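**Student:** File name data-v8.cif; file contents mmCIF, C-alpha atoms; full text below.
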```cif
data_data
loop_
_atom_site.label_atom_id
_atom_site.label_comp_id
_atom_site.auth_asym_id
_atom_site.auth_seq_id
_atom_site.Cartn_x
_atom_site.Cartn_y
_atom_site.Cartn_z
CA MET A 264 -128.08 -55.58 -54.43
CA ASN A 265 -125.28 -53.53 -55.89
CA THR A 266 -125.41 -49.76 -55.63
CA PRO A 267 -126.29 -48.00 -58.91
CA ALA A 268 -123.46 -46.29 -60.72
CA GLN A 269 -123.33 -42.59 -61.28
CA HIS A 270 -121.37 -41.54 -64.34
CA ARG A 271 -120.84 -38.86 -66.93
CA PRO A 272 -120.95 -39.40 -70.72
CA MET A 273 -117.89 -41.03 -72.24
CA ASP A 274 -115.20 -38.68 -73.43
CA THR A 275 -115.00 -40.08 -76.94
CA ASP A 276 -115.12 -38.61 -80.41
CA GLN A 277 -116.82 -41.70 -81.83
CA PRO A 278 -120.37 -42.26 -80.56
CA SER A 279 -121.80 -45.74 -80.84
CA THR A 280 -123.13 -46.40 -84.34
CA ARG A 281 -125.40 -49.22 -83.16
CA ALA A 282 -127.57 -46.84 -81.15
CA HIS A 283 -128.73 -45.14 -84.33
CA HIS A 284 -129.56 -48.21 -86.45
CA PHE A 285 -133.27 -48.25 -85.68
CA PRO A 286 -134.43 -44.72 -84.78
CA GLN A 287 -137.70 -44.91 -86.76
CA ALA A 288 -138.20 -48.70 -86.85
CA THR A 289 -141.50 -50.29 -85.86
CA SER A 290 -141.65 -51.99 -82.46
CA ILE A 291 -142.05 -55.74 -83.06
CA LEU A 292 -141.88 -56.95 -79.47
CA GLU A 293 -142.79 -55.19 -76.27
CA LEU A 294 -142.56 -56.49 -72.71
CA ARG A 295 -144.47 -54.40 -70.16
CA SER A 296 -143.53 -55.13 -66.54
CA ILE A 297 -143.79 -58.90 -66.88
CA SER A 298 -143.23 -61.31 -64.00
CA CYS A 299 -143.16 -65.12 -64.11
CA ALA A 300 -142.84 -67.68 -61.33
CA TYR A 301 -142.41 -71.44 -61.10
CA ASP A 302 -142.92 -71.09 -57.34
CA PRO A 303 -145.77 -68.66 -56.47
CA ASN A 304 -143.71 -67.25 -53.61
CA ARG A 305 -140.51 -66.81 -55.59
CA PRO A 306 -140.71 -65.04 -58.98
CA ALA A 307 -138.21 -66.23 -61.61
CA ILE A 308 -138.34 -62.80 -63.27
CA ARG A 309 -139.72 -59.56 -61.86
CA ASP A 310 -141.03 -56.45 -63.58
CA ILE A 311 -139.13 -56.93 -66.87
CA SER A 312 -139.74 -54.25 -69.49
CA PHE A 313 -138.08 -53.70 -72.86
CA SER A 314 -138.93 -53.56 -76.57
CA ALA A 315 -137.33 -54.80 -79.77
CA ARG A 316 -137.54 -52.85 -83.00
CA GLU A 317 -137.83 -54.28 -86.49
CA GLY A 318 -134.56 -55.88 -87.58
CA GLU A 319 -132.93 -55.44 -84.16
CA ILE A 320 -130.83 -58.13 -82.48
CA ILE A 321 -131.13 -58.16 -78.69
CA CYS A 322 -129.11 -60.41 -76.38
CA LEU A 323 -130.37 -61.44 -72.95
CA LEU A 324 -127.16 -61.77 -70.96
CA GLY A 325 -126.55 -63.10 -67.47
CA PRO A 326 -125.35 -66.00 -65.34
CA SER A 327 -127.14 -69.33 -64.99
CA GLY A 328 -130.41 -68.96 -63.10
CA CYS A 329 -130.75 -65.20 -63.69
CA GLY A 330 -134.07 -65.58 -65.59
CA LYS A 331 -132.98 -65.01 -69.18
CA THR A 332 -134.36 -68.33 -70.48
CA THR A 333 -137.61 -67.71 -68.59
CA VAL A 334 -137.96 -64.41 -70.47
CA LEU A 335 -137.41 -66.24 -73.76
CA ARG A 336 -139.96 -68.94 -72.88
CA ALA A 337 -142.51 -66.30 -71.89
CA ILE A 338 -142.05 -64.53 -75.24
CA ALA A 339 -142.50 -67.86 -77.04
CA GLY A 340 -145.66 -68.64 -75.08
CA PHE A 341 -144.20 -71.62 -73.20
CA GLU A 342 -144.56 -69.87 -69.82
CA PRO A 343 -147.56 -67.88 -68.57
CA VAL A 344 -147.02 -64.43 -67.10
CA GLN A 345 -148.11 -63.63 -63.56
CA SER A 346 -148.33 -59.92 -64.27
CA GLY A 347 -147.68 -57.52 -67.11
CA GLU A 348 -148.14 -57.93 -70.85
CA ILE A 349 -146.22 -59.15 -73.87
CA LEU A 350 -147.10 -57.63 -77.25
CA LEU A 351 -146.09 -58.86 -80.70
CA SER A 352 -146.66 -56.43 -83.59
CA GLY A 353 -148.87 -54.36 -81.31
CA GLN A 354 -151.13 -57.24 -80.25
CA VAL A 355 -151.23 -58.64 -76.70
CA VAL A 356 -150.13 -62.29 -76.78
CA SER A 357 -149.51 -62.83 -73.04
CA SER A 358 -151.15 -61.40 -69.94
CA PRO A 359 -152.53 -62.88 -66.70
CA VAL A 360 -155.89 -63.37 -68.46
CA LYS A 361 -154.78 -64.18 -72.01
CA THR A 362 -152.20 -66.45 -73.63
CA VAL A 363 -152.01 -66.82 -77.40
CA PRO A 364 -150.73 -70.35 -78.23
CA THR A 365 -147.11 -70.54 -79.42
CA GLU A 366 -148.09 -71.83 -82.87
CA HIS A 367 -150.19 -68.70 -83.48
CA ARG A 368 -147.46 -66.18 -82.57
CA ARG A 369 -145.34 -66.46 -85.75
CA VAL A 370 -142.26 -66.91 -83.58
CA GLY A 371 -139.34 -69.03 -84.76
CA MET A 372 -137.07 -70.83 -82.28
CA VAL A 373 -133.54 -72.22 -82.46
CA PHE A 374 -132.87 -74.43 -79.45
CA GLN A 375 -129.57 -75.10 -77.71
CA GLU A 376 -129.69 -78.76 -78.83
CA TYR A 377 -131.03 -77.80 -82.31
CA ALA A 378 -133.92 -80.33 -81.87
CA LEU A 379 -133.63 -81.73 -85.40
CA PHE A 380 -135.65 -84.83 -86.27
CA PRO A 381 -133.04 -87.62 -86.61
CA HIS A 382 -135.20 -89.69 -88.99
CA LEU A 383 -135.75 -86.81 -91.45
CA ARG A 384 -133.34 -85.59 -94.09
CA VAL A 385 -132.18 -81.96 -94.12
CA ALA A 386 -134.81 -80.85 -96.65
CA ASP A 387 -137.61 -82.55 -94.68
CA ASN A 388 -136.42 -81.00 -91.42
CA ILE A 389 -136.54 -77.55 -93.00
CA ALA A 390 -139.97 -78.22 -94.51
CA PHE A 391 -141.50 -79.58 -91.31
CA GLY A 392 -143.72 -76.54 -90.67
CA LEU A 393 -144.60 -75.90 -94.33
CA HIS A 394 -147.13 -78.68 -94.95
CA HIS A 395 -149.93 -76.15 -95.39
CA LEU A 396 -148.20 -74.73 -98.49
CA PRO A 397 -148.31 -76.12 -102.06
CA ARG A 398 -145.42 -78.46 -102.82
CA ALA A 399 -143.90 -76.02 -105.34
CA GLU A 400 -143.83 -73.23 -102.73
CA GLN A 401 -142.30 -75.58 -100.17
CA LYS A 402 -139.55 -76.50 -102.63
CA ARG A 403 -138.86 -72.85 -103.45
CA ARG A 404 -138.54 -71.87 -99.79
CA ILE A 405 -136.32 -74.86 -98.97
CA GLU A 406 -133.98 -74.06 -101.85
CA GLU A 407 -133.86 -70.42 -100.78
CA MET A 408 -132.87 -71.33 -97.21
CA LEU A 409 -130.28 -73.89 -98.38
CA CYS A 410 -128.72 -71.15 -100.51
CA LEU A 411 -128.83 -68.52 -97.75
CA THR A 412 -127.21 -70.84 -95.20
CA GLY A 413 -124.68 -72.42 -97.55
CA MET A 414 -126.21 -75.88 -97.28
CA GLU A 415 -126.79 -76.60 -100.97
CA GLY A 416 -125.95 -80.22 -101.72
CA PHE A 417 -126.75 -81.39 -98.17
CA GLU A 418 -130.53 -81.61 -98.54
CA ARG A 419 -130.62 -85.44 -98.60
CA ARG A 420 -128.34 -85.97 -95.62
CA TYR A 421 -129.54 -86.96 -92.15
CA PRO A 422 -128.63 -84.89 -89.05
CA HIS A 423 -126.09 -87.45 -87.81
CA GLU A 424 -124.18 -87.00 -91.07
CA LEU A 425 -123.66 -83.27 -90.40
CA SER A 426 -121.19 -81.33 -88.28
CA GLY A 427 -122.39 -79.23 -85.35
CA GLY A 428 -122.19 -76.06 -87.43
CA GLN A 429 -124.15 -77.65 -90.27
CA GLN A 430 -126.83 -78.88 -87.85
CA GLN A 431 -127.12 -75.35 -86.54
CA ARG A 432 -127.61 -74.01 -90.07
CA VAL A 433 -130.43 -76.53 -90.60
CA ALA A 434 -132.08 -75.52 -87.32
CA LEU A 435 -131.80 -71.87 -88.32
CA SER A 436 -133.23 -72.62 -91.78
CA ARG A 437 -136.20 -74.45 -90.25
CA ALA A 438 -136.94 -71.45 -88.02
CA LEU A 439 -136.53 -68.79 -90.72
CA VAL A 440 -138.26 -70.61 -93.58
CA GLN A 441 -141.65 -69.75 -92.08
CA ASN A 442 -140.92 -66.01 -92.19
CA PRO A 443 -141.37 -65.47 -88.44
CA VAL A 444 -142.13 -62.05 -87.03
CA LEU A 445 -139.57 -62.77 -84.30
CA LEU A 446 -136.69 -65.25 -84.00
CA LEU A 447 -135.70 -66.61 -80.58
CA LEU A 448 -132.29 -68.24 -80.07
CA ASP A 449 -131.48 -70.12 -76.85
CA GLU A 450 -127.67 -70.25 -76.43
CA PRO A 451 -127.29 -71.40 -80.06
CA PHE A 452 -123.47 -71.56 -80.05
CA SER A 453 -122.88 -73.30 -76.72
CA ASN A 454 -122.40 -76.78 -78.25
CA LEU A 455 -119.74 -75.64 -80.72
CA ASP A 456 -115.99 -75.48 -80.20
CA PRO A 457 -114.62 -71.91 -79.80
CA ASP A 458 -113.35 -71.54 -83.37
CA MET A 459 -116.57 -72.88 -84.91
CA ALA A 460 -118.67 -70.76 -82.52
CA GLY A 461 -116.81 -67.64 -83.65
CA ARG A 462 -117.38 -68.42 -87.33
CA MET A 463 -121.04 -69.28 -86.77
CA ARG A 464 -121.62 -66.03 -84.88
CA GLN A 465 -120.39 -64.11 -87.91
CA GLU A 466 -122.50 -66.19 -90.32
CA VAL A 467 -125.68 -65.98 -88.25
CA HIS A 468 -125.22 -62.25 -87.66
CA ALA A 469 -124.79 -61.63 -91.40
CA LEU A 470 -127.83 -63.79 -92.20
CA LEU A 471 -130.09 -62.02 -89.69
CA ARG A 472 -128.95 -58.65 -91.01
CA ARG A 473 -129.58 -59.71 -94.61
CA MET A 474 -133.09 -60.98 -93.79
CA LYS A 475 -133.80 -58.04 -91.42
CA THR A 476 -135.02 -60.55 -88.83
CA THR A 477 -135.88 -59.22 -85.37
CA SER A 478 -134.13 -61.56 -82.93
CA ILE A 479 -133.81 -62.23 -79.22
CA MET A 480 -130.83 -64.36 -78.21
CA VAL A 481 -130.00 -65.83 -74.80
CA THR A 482 -126.35 -66.15 -73.80
CA HIS A 483 -124.14 -66.19 -70.70
CA ASP A 484 -121.07 -65.18 -72.75
CA HIS A 485 -120.47 -61.42 -72.86
CA ASP A 486 -118.09 -61.72 -75.83
CA GLU A 487 -120.87 -63.44 -77.75
CA ALA A 488 -123.33 -60.72 -76.79
CA PHE A 489 -120.86 -57.98 -77.80
CA ALA A 490 -120.37 -59.63 -81.21
CA MET A 491 -124.07 -60.20 -81.96
CA ALA A 492 -126.22 -57.58 -80.29
CA ASP A 493 -127.47 -54.14 -81.16
CA ARG A 494 -128.54 -53.89 -77.53
CA ILE A 495 -127.86 -56.08 -74.52
CA ALA A 496 -130.24 -56.71 -71.61
CA VAL A 497 -128.24 -57.78 -68.53
CA LEU A 498 -130.25 -59.80 -66.03
CA ASN A 499 -129.38 -60.66 -62.44
CA GLN A 500 -131.55 -62.66 -60.05
CA GLY A 501 -134.64 -62.14 -62.17
CA VAL A 502 -134.20 -58.37 -62.52
CA LEU A 503 -133.17 -56.34 -65.56
CA GLU A 504 -130.13 -54.38 -64.34
CA GLN A 505 -129.31 -52.52 -67.57
CA MET A 506 -130.26 -52.46 -71.24
CA ASP A 507 -127.97 -50.60 -73.60
CA THR A 508 -125.62 -50.87 -76.56
CA PRO A 509 -122.60 -53.19 -76.06
CA GLU A 510 -120.28 -50.18 -75.92
CA LEU A 511 -122.25 -48.47 -73.15
CA ILE A 512 -122.74 -51.73 -71.22
CA TYR A 513 -118.97 -52.15 -71.16
CA HIS A 514 -117.82 -48.56 -70.65
CA LEU A 515 -120.69 -47.17 -68.55
CA PRO A 516 -122.19 -50.05 -66.53
CA ALA A 517 -125.18 -49.06 -64.42
CA THR A 518 -124.37 -51.38 -61.49
CA ARG A 519 -121.34 -53.12 -60.03
CA PHE A 520 -122.79 -56.47 -61.10
CA VAL A 521 -122.94 -55.34 -64.73
CA ALA A 522 -119.44 -53.89 -64.51
CA ASP A 523 -117.98 -57.17 -63.25
CA PHE A 524 -120.04 -59.53 -65.42
CA VAL A 525 -119.24 -58.06 -68.83
CA GLY A 526 -115.46 -57.99 -68.38
CA GLN A 527 -112.63 -57.76 -65.89
CA ALA A 528 -113.29 -54.86 -63.54
CA ASP A 529 -111.40 -53.61 -60.51
CA PHE A 530 -112.98 -51.28 -57.95
CA ILE A 531 -110.53 -48.84 -56.39
CA ALA A 532 -111.44 -47.26 -53.06
CA GLY A 533 -111.57 -43.48 -53.16
CA ARG A 534 -112.64 -40.47 -51.16
CA ILE A 535 -114.11 -37.13 -52.25
CA GLN A 536 -111.79 -34.29 -51.32
CA GLN A 537 -111.90 -30.76 -52.74
CA GLY A 538 -114.12 -31.79 -55.64
CA LEU A 539 -111.98 -34.74 -56.78
CA ILE A 540 -111.88 -38.46 -56.09
CA HIS A 541 -108.56 -39.29 -54.43
CA THR A 542 -107.40 -42.91 -54.76
CA GLU A 543 -104.25 -44.96 -54.51
CA LEU A 544 -103.96 -44.65 -58.30
CA GLY A 545 -104.32 -40.89 -58.40
CA THR A 546 -107.23 -38.46 -58.69
CA PHE A 547 -110.36 -38.74 -60.80
CA PRO A 548 -113.24 -36.36 -61.62
CA ASN A 549 -116.11 -36.39 -59.12
CA THR A 550 -119.11 -37.51 -61.18
CA ILE A 551 -121.18 -38.92 -58.32
CA ASN A 552 -122.28 -35.59 -56.79
CA GLY A 553 -121.29 -36.80 -53.37
CA SER A 554 -120.33 -34.76 -50.35
CA GLU A 555 -116.86 -33.87 -49.11
CA GLY A 556 -115.33 -36.86 -47.35
CA ASP A 557 -117.68 -39.48 -48.87
CA HIS A 558 -116.15 -42.86 -49.69
CA VAL A 559 -116.66 -44.15 -53.25
CA ALA A 560 -115.31 -46.82 -55.60
CA VAL A 561 -113.81 -46.14 -59.04
CA MET A 562 -114.22 -48.82 -61.70
CA ILE A 563 -111.02 -49.54 -63.65
CA ARG A 564 -110.75 -51.84 -66.69
CA PRO A 565 -107.46 -53.63 -67.52
CA ASP A 566 -107.23 -51.73 -70.81
CA ASP A 567 -107.28 -48.47 -68.80
CA VAL A 568 -104.06 -49.38 -66.97
CA HIS A 569 -100.59 -49.21 -68.55
CA LEU A 570 -97.49 -50.60 -66.80
CA VAL A 571 -94.07 -48.95 -66.81
CA PRO A 572 -91.24 -50.87 -65.12
CA ASP A 573 -89.72 -48.72 -62.37
CA THR A 574 -87.39 -50.11 -59.70
CA SER A 575 -88.37 -47.30 -57.33
CA ALA A 576 -92.12 -48.02 -57.63
CA THR A 577 -93.94 -49.94 -54.88
CA PRO A 578 -96.68 -51.76 -56.92
CA ARG A 579 -95.48 -55.22 -57.98
CA ILE A 580 -96.56 -57.73 -60.62
CA VAL A 581 -97.79 -60.89 -58.90
CA ALA A 582 -99.09 -62.87 -61.90
CA ARG A 583 -99.20 -62.92 -65.69
CA GLN A 584 -101.69 -64.67 -67.97
CA PHE A 585 -100.71 -65.03 -71.62
CA ARG A 586 -103.83 -64.73 -73.80
CA GLY A 587 -102.35 -64.83 -77.27
CA SER A 588 -102.96 -61.26 -78.40
CA GLU A 589 -102.32 -59.82 -74.93
CA ASN A 590 -100.83 -60.37 -71.50
CA LEU A 591 -103.12 -59.85 -68.50
CA TYR A 592 -101.08 -58.76 -65.51
CA THR A 593 -102.16 -58.89 -61.88
CA VAL A 594 -100.58 -56.09 -59.88
CA GLN A 595 -100.61 -55.63 -56.12
CA LEU A 596 -100.65 -52.08 -54.75
CA PRO A 597 -98.99 -51.13 -51.46
CA SER A 598 -102.37 -51.36 -49.68
CA GLY A 599 -102.85 -54.92 -50.87
CA GLN A 600 -105.47 -53.88 -53.46
CA ILE A 601 -105.26 -55.93 -56.66
CA VAL A 602 -105.63 -54.33 -60.10
CA HIS A 603 -105.23 -55.76 -63.58
CA SER A 604 -103.51 -54.44 -66.69
CA SER A 605 -103.85 -55.56 -70.29
CA GLU A 606 -100.61 -55.21 -72.26
CA SER A 607 -99.58 -56.35 -75.73
CA SER A 608 -98.37 -59.92 -76.14
CA THR A 609 -94.82 -58.64 -76.70
CA SER A 610 -94.71 -56.73 -73.38
CA VAL A 611 -93.42 -59.48 -71.10
CA TYR A 612 -92.56 -58.68 -67.49
CA GLN A 613 -91.57 -61.16 -64.81
CA GLU A 614 -93.45 -61.71 -61.58
CA GLY A 615 -92.05 -59.48 -58.86
CA THR A 616 -91.27 -56.61 -61.25
CA SER A 617 -91.85 -53.18 -59.70
CA VAL A 618 -94.06 -51.06 -61.94
CA GLU A 619 -95.59 -47.62 -62.16
CA LEU A 620 -99.27 -47.67 -63.09
CA ARG A 621 -100.55 -45.07 -65.52
CA VAL A 622 -104.34 -44.92 -65.76
CA SER A 623 -105.61 -43.57 -69.06
CA ALA A 624 -109.37 -44.02 -68.65
CA THR A 625 -111.34 -41.89 -71.11
CA HIS A 626 -114.32 -41.86 -68.74
CA THR A 627 -114.96 -42.26 -65.04
CA VAL A 628 -117.47 -44.69 -63.56
CA LEU A 629 -118.08 -44.28 -59.85
CA PHE A 630 -120.10 -46.30 -57.35
CA GLN A 631 -121.10 -45.34 -53.87
CA ALA A 632 -119.03 -47.39 -51.44
CA GLU A 633 -121.25 -49.64 -49.37
CA GLY A 634 -119.69 -52.70 -47.81
CA PRO A 635 -116.63 -54.25 -49.45
CA SER A 636 -115.12 -52.54 -52.47
CA ARG A 637 -115.48 -55.71 -54.52
CA PRO A 638 -118.93 -57.19 -55.14
#
```
Would you mind writing the file out in structure tokens?

**Tutor:**
Amino acid sequence: MNTPAQHRPMDTDQPSTRAHHFPQATSILELRSISCAYDPNRPAIRDISFSAREGEIICLLGPSGCGKTTVLRAIAGFEPVQSGEILLSGQVVSSPVKTVPTEHRRVGMVFQEYALFPHLRVADNIAFGLHHLPRAEQKRRIEEMLCLTGMEGFERRYPHELSGGQQQRVALSRALVQNPVLLLLDEPFSNLDPDMAGRMRQEVHALLRRMKTTSIMVTHDHDEAFAMADRIAVLNQGVLEQMDTPELIYHLPATRFVADFVGQADFIAGRIQQGLIHTELGTFPNTINGSEGDHVAVMIRPDDVHLVPDTSATPRIVARQFRGSENLYTVQLPSGQIVHSSESSTSVYQEGTSVELRVSATHTVLFQAEGPSRP
């Protein structure tokens, strides 16, 4: 397990606005130390606790097999909990002795494969869970969802006649038309091409905001989580490593795993001397409260490092990746340590160029050095 990070608050004049969206909002979902297991001797998730406030969008982020889909299935009622409790609107819906059926939880779901009925037209897919309502009310709700999702004029089409983005809108309409207390989305953009996924993220985000729908979304893509979430829960091997706003997850990661998973991160070896952290890239404030002589690691992001060509410098560029809006440079230090630098797309340097590295981090994130400096 990675060593927890010790850090000080970011030196920034602009605090995160997302952290203050829901200060007085009612808690819609609460997970209290829940654990689930497919194998009794090997829990899939362990001691997971968090809450979601009314209108909040939370992303469960992590690699394949980390437990994020298990958390979603437990919230939906598809998986029993071994220990702990899940509450919806203040009522216990899952515990080791009680499981409220999924259909009685007022939870809407959008699946990765959309799960539309191929033999039903768009309007009938949306209306599938509305049979208990009078026909006039069904029609009103269907028309409302078609309008909200921009699908007017498509109500008589079959799923195979729609694009991937249109199918997703239908799946979203079917989930939202029943006015769920909570909406669950399982990697909803993974089947779309990058451009369409980006557009759909914006559309879905705007729709959820407009409807004030409390939502839990599973993703393995940190860019997707940054774009969608008010708060992100990062999972690793069944454990919740950190839950925070996207800005704090990126700038002040709580563990080395979080630091590396949510973006390029380099860990520079350092040593505490005379109250400062001395590294190959210069000195940094000591925010870890360690003792004189202790070895630590400083996290550096590519956007913290600026390159200045200098024929007398010893660091050298060993690779360049063009990414459209930026160039990502790989630089080797005299010790052999590799660091990365993000420069504008117009700053083009050849491999082998000697460069001076200027670190302009507005905050310092330190980790106790145990084992290799790279996780």

**Student:** For the atom pair atom CA of His558 of chain A and atom CA of Val521 of chain A, what is the interatomic distance in Å to one decimal place?

**Tutor:**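 Interatomic distance, atom CA of His558 of chain A to atom CA of Val521 of chain A: 20.7 Å.
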
**Student:** I need the residue set behind the PyMOL selection byres ((chain A and resi 349) around 12) for this file; please write it as a ChimeraX atom specification.

**Tutor:** /A:291-299,310-315,334-340,342-348,350-363,368

**Student:** Could you take the residues named above and write them with C-alpha atoms, as a PDB file, keeping the file's coordinate frame?

**Tutor:**
```
ATOM      1  CA  ILE A 291    -142.050 -55.740 -83.060  1.00  0.00           C
ATOM      2  CA  LEU A 292    -141.880 -56.950 -79.470  1.00  0.00           C
ATOM      3  CA  GLU A 293    -142.790 -55.190 -76.270  1.00  0.00           C
ATOM      4  CA  LEU A 294    -142.560 -56.490 -72.710  1.00  0.00           C
ATOM      5  CA  ARG A 295    -144.470 -54.400 -70.160  1.00  0.00           C
ATOM      6  CA  SER A 296    -143.530 -55.130 -66.540  1.00  0.00           C
ATOM      7  CA  ILE A 297    -143.790 -58.900 -66.880  1.00  0.00           C
ATOM      8  CA  SER A 298    -143.230 -61.310 -64.000  1.00  0.00           C
ATOM      9  CA  CYS A 299    -143.160 -65.120 -64.110  1.00  0.00           C
ATOM     10  CA  ASP A 310    -141.030 -56.450 -63.580  1.00  0.00           C
ATOM     11  CA  ILE A 311    -139.130 -56.930 -66.870  1.00  0.00           C
ATOM     12  CA  SER A 312    -139.740 -54.250 -69.490  1.00  0.00           C
ATOM     13  CA  PHE A 313    -138.080 -53.700 -72.860  1.00  0.00           C
ATOM     14  CA  SER A 314    -138.930 -53.560 -76.570  1.00  0.00           C
ATOM     15  CA  ALA A 315    -137.330 -54.800 -79.770  1.00  0.00           C
ATOM     16  CA  VAL A 334    -137.960 -64.410 -70.470  1.00  0.00           C
ATOM     17  CA  LEU A 335    -137.410 -66.240 -73.760  1.00  0.00           C
ATOM     18  CA  ARG A 336    -139.960 -68.940 -72.880  1.00  0.00           C
ATOM     19  CA  ALA A 337    -142.510 -66.300 -71.890  1.00  0.00           C
ATOM     20  CA  ILE A 338    -142.050 -64.530 -75.240  1.00  0.00           C
ATOM     21  CA  ALA A 339    -142.500 -67.860 -77.040  1.00  0.00           C
ATOM     22  CA  GLY A 340    -145.660 -68.640 -75.080  1.00  0.00           C
ATOM     23  CA  GLU A 342    -144.560 -69.870 -69.820  1.00  0.00           C
ATOM     24  CA  PRO A 343    -147.560 -67.880 -68.570  1.00  0.00           C
ATOM     25  CA  VAL A 344    -147.020 -64.430 -67.100  1.00  0.00           C
ATOM     26  CA  GLN A 345    -148.110 -63.630 -63.560  1.00  0.00           C
ATOM     27  CA  SER A 346    -148.330 -59.920 -64.270  1.00  0.00           C
ATOM     28  CA  GLY A 347    -147.680 -57.520 -67.110  1.00  0.00           C
ATOM     29  CA  GLU A 348    -148.140 -57.930 -70.850  1.00  0.00           C
ATOM     30  CA  LEU A 350    -147.100 -57.630 -77.250  1.00  0.00           C
ATOM     31  CA  LEU A 351    -146.090 -58.860 -80.700  1.00  0.00           C
ATOM     32  CA  SER A 352    -146.660 -56.430 -83.590  1.00  0.00           C
ATOM     33  CA  GLY A 353    -148.870 -54.360 -81.310  1.00  0.00           C
ATOM     34  CA  GLN A 354    -151.130 -57.240 -80.250  1.00  0.00           C
ATOM     35  CA  VAL A 355    -151.230 -58.640 -76.700  1.00  0.00           C
ATOM     36  CA  VAL A 356    -150.130 -62.290 -76.780  1.00  0.00           C
ATOM     37  CA  SER A 357    -149.510 -62.830 -73.040  1.00  0.00           C
ATOM     38  CA  SER A 358    -151.150 -61.400 -69.940  1.00  0.00           C
ATOM     39  CA  PRO A 359    -152.530 -62.880 -66.700  1.00  0.00           C
ATOM     40  CA  VAL A 360    -155.890 -63.370 -68.460  1.00  0.00           C
ATOM     41  CA  LYS A 361    -154.780 -64.180 -72.010  1.00  0.00           C
ATOM     42  CA  THR A 362    -152.200 -66.450 -73.630  1.00  0.00           C
ATOM     43  CA  VAL A 363    -152.010 -66.820 -77.400  1.00  0.00           C
ATOM     44  CA  ARG A 368    -147.460 -66.180 -82.570  1.00  0.00           C
TER      45      ARG A 368
END
```

**Student:** Between A:Asp566, A:Thr627, A:Ala582, A:Ile512, which has the minimum distance to Asn549 of chain A (counting all atoms listed in the file)?

**Tutor:**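 Smallest distance to Asn549 of chain A is found for A:Thr627.
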
**Student:** With all atoms listed in the file as the basis for distance, which of A:Thr577, A:Gln613, A:Thr476, A:Thr518 is at the shortest distance from Leu448 of chain A?

**Tutor:**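 Counting all atoms listed in the file, the residue closest to Leu448 of chain A is A:Thr476.
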
**Student:** Using atom CA of Val433 of chain A and atom CA of Ile389 of chain A as the two end points, give the distance in Å to one decimal.

**Tutor:**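 Computing the Euclidean distance for atom CA of Val433 of chain A and atom CA of Ile389 of chain A yields 6.6 Å.
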
**Student:** Go through the shown structure with the PyMOL selection byres ((chain A and resi 452) around 8) and write out the matching residues as a list in words.

**Tutor:**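 Taken over the shown coordinates, the PyMOL selection byres ((chain A and resi 452) around 8) returns Gln375, Glu450, Pro451, Ser453, Asn454, Leu455, Ala460, Met463 and Arg464 of chain A.
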
**Student:** May I have the residues within 9 Å of Met408 of chain A as a VMD selection string, using only C-alpha atoms and disregarding those fewer than 4 positions away in the same chain?

**Tutor:** chain A and resid 389 403 to 404 412 to 415 433 435 to 437 439 to 440

**Student:** Using all atoms listed in the file, which protein or nucleic acid residues come within 9 Å of His514 of chain A? Drop anything in the same chain fewer than 5 positions from it, and give the result as a list in words.

**Tutor:**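 These residues fall inside the cut-off: Met273, Pro509, Ala522, Arg564, His626, Thr627 and Val628 of chain A.
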
**Student:** For the residues in the current selection, export C-alpha atoms as a PDB file, in the coordinates of the input.

**Tutor:**
```pdb
ATOM      1  CA  MET A 273    -117.890 -41.030 -72.240  1.00  0.00           C
ATOM      2  CA  PRO A 509    -122.600 -53.190 -76.060  1.00  0.00           C
ATOM      3  CA  ALA A 522    -119.440 -53.890 -64.510  1.00  0.00           C
ATOM      4  CA  ARG A 564    -110.750 -51.840 -66.690  1.00  0.00           C
ATOM      5  CA  HIS A 626    -114.320 -41.860 -68.740  1.00  0.00           C
ATOM      6  CA  THR A 627    -114.960 -42.260 -65.040  1.00  0.00           C
ATOM      7  CA  VAL A 628    -117.470 -44.690 -63.560  1.00  0.00           C
TER       8      VAL A 628
END
```

**Student:** Given the file shown, determine the residues that the PyMOL selection byres ((chain A and resi 525-527) around 7) selects; report them as a ChimeraX atom specification.

**Tutor:** /A:485,513,521-524,528-529,564-565

**Student:** I'd like the neighbourhood of Ala560 of chain A as a list of chain:residue names, where a residue qualifies if any of its atoms comes within 9 Å (using only C-alpha atoms), though same-chain residues fewer than 2 positions away should be ignored.

**Tutor:** A:Phe530, A:Ile531, A:Ala532, A:Gly533, A:Arg534, A:Thr542, A:His558, A:Met562, A:Val628, A:Leu629, A:Phe630, A:Gln631, A:Ala632, A:Ser636, A:Arg637

**Student:** Mind giving me the straight-line distance from atom CA of Glu619 of chain A to atom CA of Leu596 of chain A in Å, one decimal?

**Tutor:** 10.0 Å

**Student:** Give the answer as one residue: which of A:His541, A:Arg519, A:Arg494, A:Arg419 has the shortest atom-to-atom distance to Ile321 of chain A, using all atoms listed in the file?

**Tutor:** A:Arg494

**Student:** In terms of the shortest atom-to-atom distance over all atoms listed in the file, which of A:Ala469, A:Cys322, A:Val559, A:Leu503 is closest to Leu411 of chain A?

**Tutor:**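 Result for the nearest residue to Leu411 of chain A: A:Ala469.
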
**Student:** I need the residue nearest Val568 of chain A from this list: A:Val602, A:Leu511, A:Ser607, A:Glu555. Use all atoms listed in the file for the distance.

**Tutor:**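 For Val568 of chain A, the nearest of the candidates is A:Val602.
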
**Student:** Tell me which of A:Ala386, A:Leu379, A:Leu471, A:Leu447 sits closest to Gln430 of chain A, counting all atoms listed in the file.

**Tutor:**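 Closest to Gln430 of chain A of all the choices is A:Leu379.
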
**Student:** If you count all atoms listed in the file, which residues fall within 7 Å of Arg384 of chain A, apart from same-chain ones fewer than 5 positions away, as a list of chain:residue names?

**Tutor:** A:Glu418, A:Arg419, A:Arg420, A:Tyr421, A:Pro422
